[in-house]
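Q: So that we are looking at the same thing, I have put the structure below in structure tokens.
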Amino acid sequence: MPELRVKNLNITAILADLSQSFDFIVPAGNCLGVTGPSGIGKSVFLKALADMIPHEGEVFLDDTACQTIPAPQWRQQVTLLPAESQWWAETVGEHFSHFDAGFFNSLGFKEEVMDWQIAHLSSGEKQRLACIRVLMNQPQALLLDEPTANLDKENRLLVESTIAVYQTLNQIPIIWISHDQEQLARVCQSVLILSKHHYEIKNCTNKGVV
Amino acid sequence: MIELTPWDLLIASVLIILLAITSLVLQLNIAKQLVIAAIRNVIQLLLVGYILKLIFASNNLFLLALISMIMLLVAGYEINARQKYPLKRWTGFKIGTSALFLSSFTMAFMSLVVIISPTPWYTPQYAIPLLGMLLGNTMNGISLGMDKLNQSVYQQRLIIEQRLMLGQDYHEVIKDIRAESVRTGMIPIINSMAIAGIVSLPGMMTGQILSGTPPVEAVKYQILIFFLISAGTGFGIMLAVWMISKRLFDDRQRLNLEILQIKS
């Protein structure tokens with residue numbers, strides 16, 4: 001059961017407004033919400049954890065430090081789901097190794113989705129498919145950047161429950177960016193509130209952040 | 001062989017002037033470039049005519065090496081001159097020049113020593129035109145391939161990052177773009193091999209025939225040149241594309257567009 005440990009992480013060199021160093025642990029099976037004003041750098045922060053941008057300090061998955069293993073291997077284990085997903089081939093199916101009925105069905109897709117044209121997908125469909133793509137990668141930790149921003153209420157709950165099932169089954173740590181306080185209260189045990197040169201971590205109950 | 005007088009060239013230049021005037025009238029914005037290129041052409045070729053005369057007479061290896069270096073450096077510079085998303089000046093020059101050097105010089109050396117074997121092997125009359133054709137064509141190929149590579153990577157940067165996020169290795173991520181770039185660079189030489197003799201008579205062969213070489217002899221040289229140019233261009237492009245695509249990612253396999261000069 002993996003835990004995600006962030007030690008002295010600093011990204012001032014990329015974002016002058018975030019001069020603070022981050023030190024926290026997301027225990028196995030827990031979810032840490034991240035919230036804060038728009039443009040503060042939440043997405044950049046998540047990119048640093050996936051080792052997609054240069055940073056100081058170190059991130060550990062259990063005892064494995066990010067810098068001690070090849071970057072692709074780290075990203076397979078600590079996978080970032082970006083706010084806007086990208087697709088490089090013509091059809092949906094070309095982006096997946098196979099049709100995993102469990103994941104696809106739980107997010108409301110049948111097997112014919114594999115033949116759909118990427119160009120014809122709605123932003124909501126793309127977001128749900130991107131979520132499936134990440135989960136099928138079998139990550140040991142998840143970094144989610146507003147994974148339900150383009151979804152209606154029904155699909156939002158579908159995504160939340162699909163991720164929750166995967167999380168419970170594999171006891172993975174999750175970091176979840178969201179502007180939706182109710183959603184954070186539903187999915188997180190604690191919330192990291194990000195502001196300029198400062199952050200704090202608060203506990204989360206069913207009633208909201210305390 | 002019928003020798004051309006200065007008057008003959010003057011008559012031909014009237015055609016260029018007519019074209020420049022027409023394009024001025026039609027506001028096509030190429031008159032200035034055309035005239036400058038034509039004047040450069042005259043000066044450069046006349047100069048090289050006299051320099052070649054000197055070198056042919058001296059038959060000196062060091063003089064040949066010097067002139068080859070100048071040819072290489074100019075071609076290396078020109079590779080980066082008309083790129084849409086050029087590499088940073090020094091990086092581009094280094095990569096372009098080394099890819100050119102490794103491919104063109106190897107091909108020229110090999111063909112001189114193994115195939116044509118004049119005595120001495122560096123006889124300038126063979127070495128310089130051969131190297132020139134190799135450098136010129138390889139330069140075009142590398143330049144086209146590089147342009148395609150840099151442009152594709154820049155335009156697909158979000159897709160590339162997405163694939164890296166999913167844990168794909170950079171070799172896999174850049175594979176298709178690499179293949180496309182090599183293909184783009186190879187199009188001109190493959191085209192000209194395909195149509196040679198049917199649609200166009202290649203320039204070198206035309207020149208030899210005009211100066212009185214029997215057509216079949218000229219054809220044999222032309223085939224040799226085509227093969228050398230194709231191999232030189234192909235290997236040169238691959239070298240350049242591989243060198244650039246390696247530098248487009250840092251040691252943690254992050255997309256590194258810092259090596260490009262982005263014009264915003």
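Ordered as shown in the structure tokens, chains take letters A, B, and onward, while each chain numbers its residues from 1 and ligands are numbered from 1 in the order shown.
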Give me, as a list in words, the residues of chain B touching chain A, with the criterion being at most 12 Å (counting only C-alpha atoms).
A: Gln156, Arg157, Leu158, Ile159, Ile160, Glu161, Gln162, Arg163, Leu164, Met165, Leu166, Gly167, Gln168, Asp169, Tyr170, His171, Glu172, Val173, Ile174, Asp176, Ile177, Phe249, Asp250, Asp251, Arg252, Gln253, Arg254, Leu255 and Asn256 of chain B
Q: Please, which residues of region 18-196 of chain B, numbered as in this document, come out alpha helix (DSSP H) from DSSP, as a PyMOL selection string?
A: chain B and resi 18-25+31-58+61-79+89-100+106-110+124-155+157-165+170-195
Q: Would you list the contacts of Leu157 (chain A) as a PyMOL selection string, taking every protein, DNA or RNA residue within 12 Å and counting only C-alpha atoms, but skipping same-chain residues closer than 2 positions in sequence?
A: chain A and resi 106-108+128+147-149+151-155+159-164+182-183+186-187
Q: With a distance cut-off of 8 Å and only C-alpha atoms, select the neighbouring residues of Leu46 (chain A), excluding the residue or stretch itself and same-chain residues fewer than 2 positions from it, and output the selection as a count of residues only.
A: 9
Q: Report, in Å to a single decimal, how far apart CA of Gly141 (chain B) and CA of Ile187 (chain B) are.
A: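 Between CA of Ile187 (chain B) and CA of Gly141 (chain B) the gap works out to 8.2 Å.
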